[in-house]
Amino acid sequence: EAQVTQNPRYLITVTGKKLTVTCSQNMNHEYMSWYRQDPGLGLRQIYYSMNVEVTDKGDVPEGYKVSRKEKRNFPLILESPSPNQTSLYFCASSPGTSGKNIQYFGAGTRLSVL
Amino acid sequence: GESVGLHLPTLSVQEGDNSIINCAYSNSASDYFIWYKQESGKGPQFIIDIRSNMDKRQGQRVTVLLNKTVKHLSLQIAATQPGDSAVYFCAENIGNQFYFGTGTSLTVIP
């Protein structure tokens, strides 16, 4: 089944403790992206990648890192999480390198930073 | 950042009626637009998209209209069903980035 898989689905952590949220897609898509969703603010793009080894900042990249060593994986790294990073996170992928295509979203990761 | 807004945060319609959800965008450089549906506890799901060289696009029970003059996008759902109850987002693409609206919550009354 074609899908975008995020892990974990739920995570509670403490301020400053490094964490990684994994994202994997099995559709051979070039474009991958991370979003955070907060009440009243909609989805905001954190980082995106147009292909392997190519990553770019989105609208709200501060406090986050990403890597794209393989086409299928696009992990989101929080080196030193803070409470304002408590949010619902979504990974998405789409065919092509421009992003101007249908994005397929994962089921989301709900993160709480205490 | 870009501003993609929705005219109404909530919308209630009777089952069988048509629904119209509106969206305004601010950047005339936007050249690709998508409507997503998000059900509770799930990720956004693609509904329909439209490129800036088009004014209208139709899918199954859904139509998207794009008015570039006033930077306005609308989603029309025909014969709305209970399964259409969800939050609907519009998104615009500029370059390689996406900007989402804050969403409209659609409730279908049986």
# chains A, B, ... in the order shown; residues from 1 in each chain; ligands from 1
call {"tool": "select_by_dssp", "arguments": {"residues": "range 14-56 of chain A", "states": "strand (DSSP E or B)", "output": "NGL selection string"}}
result
:A and (19-25 or 31-38 or 42-51 or 54-56)
call {"tool": "write_last_selection", "arguments": {"atoms": "N, CA and C atoms", "output": "CSV table (one decimal), in the first residue's frame"}}
result
chain,number,residue,atom,x,y,z
A,19,LEU,N,15.4,14.7,20.1
A,19,LEU,CA,14.5,13.7,19.6
A,19,LEU,C,14.5,13.7,18.1
A,20,THR,N,14.1,12.6,17.5
A,20,THR,CA,13.9,12.5,16.1
A,20,THR,C,12.6,11.9,15.7
A,21,VAL,N,11.9,12.5,14.8
A,21,VAL,CA,10.6,11.9,14.3
A,21,VAL,C,10.9,11.4,12.9
A,22,THR,N,10.7,10.1,12.7
A,22,THR,CA,11.0,9.5,11.4
A,22,THR,C,9.9,9.7,10.4
A,23,CYS,N,10.2,9.7,9.1
A,23,CYS,CA,9.2,9.7,8.0
A,23,CYS,C,9.7,8.9,6.9
A,24,SER,N,8.9,8.0,6.4
A,24,SER,CA,9.3,7.2,5.3
A,24,SER,C,8.2,7.1,4.3
A,25,GLN,N,8.5,7.1,3.0
A,25,GLN,CA,7.5,6.9,2.0
A,25,GLN,C,7.9,5.8,1.0
A,31,TYR,N,9.9,14.8,-3.8
A,31,TYR,CA,9.7,15.9,-2.9
A,31,TYR,C,9.1,15.4,-1.6
A,32,MET,N,9.7,15.9,-0.4
A,32,MET,CA,9.2,15.5,0.9
A,32,MET,C,9.2,16.8,1.7
A,33,SER,N,8.3,16.8,2.7
A,33,SER,CA,8.2,18.1,3.5
A,33,SER,C,7.7,17.8,4.9
A,34,TRP,N,8.0,18.6,5.8
A,34,TRP,CA,7.5,18.6,7.2
A,34,TRP,C,6.7,19.8,7.5
A,35,TYR,N,5.5,19.6,8.2
A,35,TYR,CA,4.7,20.7,8.6
A,35,TYR,C,4.4,20.6,10.1
A,36,ARG,N,4.1,21.7,10.7
A,36,ARG,CA,3.5,21.6,12.0
A,36,ARG,C,2.1,22.3,11.9
A,37,GLN,N,1.2,21.8,12.7
A,37,GLN,CA,-0.2,22.3,12.7
A,37,GLN,C,-0.5,22.7,14.1
A,38,ASP,N,-0.9,23.9,14.3
A,38,ASP,CA,-1.3,24.5,15.5
A,38,ASP,C,-2.6,25.2,15.4
A,42,GLY,N,-3.3,26.8,11.2
A,42,GLY,CA,-3.2,25.9,10.0
A,42,GLY,C,-1.9,25.2,10.0
A,43,LEU,N,-1.5,24.7,8.8
A,43,LEU,CA,-0.3,24.0,8.7
A,43,LEU,C,0.8,25.0,8.2
A,44,ARG,N,1.9,24.9,8.8
A,44,ARG,CA,3.1,25.7,8.4
A,44,ARG,C,4.3,24.8,8.0
A,45,GLN,N,4.9,25.2,6.9
A,45,GLN,CA,5.9,24.3,6.4
A,45,GLN,C,7.2,24.6,7.2
A,46,ILE,N,7.9,23.5,7.6
A,46,ILE,CA,9.1,23.6,8.4
A,46,ILE,C,10.3,23.5,7.5
A,47,TYR,N,10.4,22.4,6.8
A,47,TYR,CA,11.5,22.2,5.9
A,47,TYR,C,10.9,21.4,4.7
A,48,TYR,N,11.6,21.4,3.6
A,48,TYR,CA,11.2,20.6,2.5
A,48,TYR,C,12.5,20.1,1.8
A,49,SER,N,12.3,19.1,1.0
A,49,SER,CA,13.5,18.5,0.2
A,49,SER,C,13.0,18.1,-1.1
A,50,MET,N,13.7,18.6,-2.1
A,50,MET,CA,13.3,18.4,-3.5
A,50,MET,C,13.9,17.1,-4.1
A,51,ASN,N,14.9,16.6,-3.4
A,51,ASN,CA,15.5,15.3,-3.8
A,51,ASN,C,16.6,14.9,-2.7
A,54,VAL,N,19.2,17.4,-0.9
A,54,VAL,CA,18.8,18.7,-1.1
A,54,VAL,C,17.6,19.1,-0.1
A,55,THR,N,17.9,20.0,0.8
A,55,THR,CA,16.9,20.4,1.7
A,55,THR,C,16.9,22.0,1.8
A,56,ASP,N,15.7,22.5,2.1
A,56,ASP,CA,15.5,23.9,2.1
A,56,ASP,C,14.6,24.3,3.3
call {"tool": "closest_atom_pairs", "arguments": {"of": "chain A", "to": "chain B", "cutoff": "7 Å", "atoms": "only C-alpha atoms", "output": "CSV"}}
result
residue,atom,partner,partner_atom,distance
A:Gly40,CA,B:Thr102,CA,5.9
A:Leu41,CA,B:Thr102,CA,5.3
A:Gly42,CA,B:Thr102,CA,4.0
A:Leu43,CA,B:Phe100,CA,5.6
A:Arg44,CA,B:Tyr99,CA,6.7
A:Gln45,CA,B:Phe98,CA,6.7
A:Gly58,CA,B:Gln97,CA,6.6
A:Asp59,CA,B:Gly1,CA,6.7
A:Ser98,CA,B:Asn96,CA,5.4
A:Gly99,CA,B:Asn96,CA,5.6
A:Lys100,CA,B:Tyr32,CA,6.4
A:Ile102,CA,B:Phe46,CA,6.7
A:Phe105,CA,B:Gly43,CA,5.6
A:Gly106,CA,B:Gly43,CA,5.8
A:Ala107,CA,B:Gly43,CA,4.7
A:Gly108,CA,B:Gly43,CA,6.0
call {"tool": "write_last_selection", "arguments": {"atoms": "C-alpha atoms", "output": "PDB file, in the first residue's frame"}}
result
ATOM      1  CA  GLY A  40      -5.790  28.788  14.553  1.00  0.00           C
ATOM      2  CA  LEU A  41      -2.626  28.758  12.463  1.00  0.00           C
ATOM      3  CA  GLY A  42      -3.220  25.946  10.018  1.00  0.00           C
ATOM      4  CA  LEU A  43      -0.281  23.999   8.655  1.00  0.00           C
ATOM      5  CA  ARG A  44       3.068  25.714   8.404  1.00  0.00           C
ATOM      6  CA  GLN A  45       5.949  24.313   6.420  1.00  0.00           C
ATOM      7  CA  GLY A  58      10.210  26.513   4.892  1.00  0.00           C
ATOM      8  CA  ASP A  59       8.300  29.140   6.782  1.00  0.00           C
ATOM      9  CA  SER A  98       8.943  21.125  -7.613  1.00  0.00           C
ATOM     10  CA  GLY A  99       6.259  20.238  -5.132  1.00  0.00           C
ATOM     11  CA  LYS A 100       3.610  21.292  -7.635  1.00  0.00           C
ATOM     12  CA  ILE A 102      -0.510  16.224  -4.963  1.00  0.00           C
ATOM     13  CA  PHE A 105       0.408  13.104   4.141  1.00  0.00           C
ATOM     14  CA  GLY A 106       1.302  10.835   7.002  1.00  0.00           C
ATOM     15  CA  ALA A 107      -1.045  10.297   9.931  1.00  0.00           C
ATOM     16  CA  GLY A 108       0.760  12.820  12.120  1.00  0.00           C
TER      17      GLY A 108
END
call {"tool": "atom_distance", "arguments": {"atom1": "CA of Gln60 in chain B", "atom2": "CA of His29 in chain A"}}
result
25.5 Å
call {"tool": "closest_residue", "arguments": {"among": "B:Thr80, B:Ser30, B:Ser40, B:Thr69", "to": "Ser12 in chain B", "atoms": "only C-alpha atoms"}}
result
B:Thr80
call {"tool": "atom_distance", "arguments": {"atom1": "CA of Tyr88 in chain B", "atom2": "CA of Asp55 in chain B"}}
result
19.9 Å
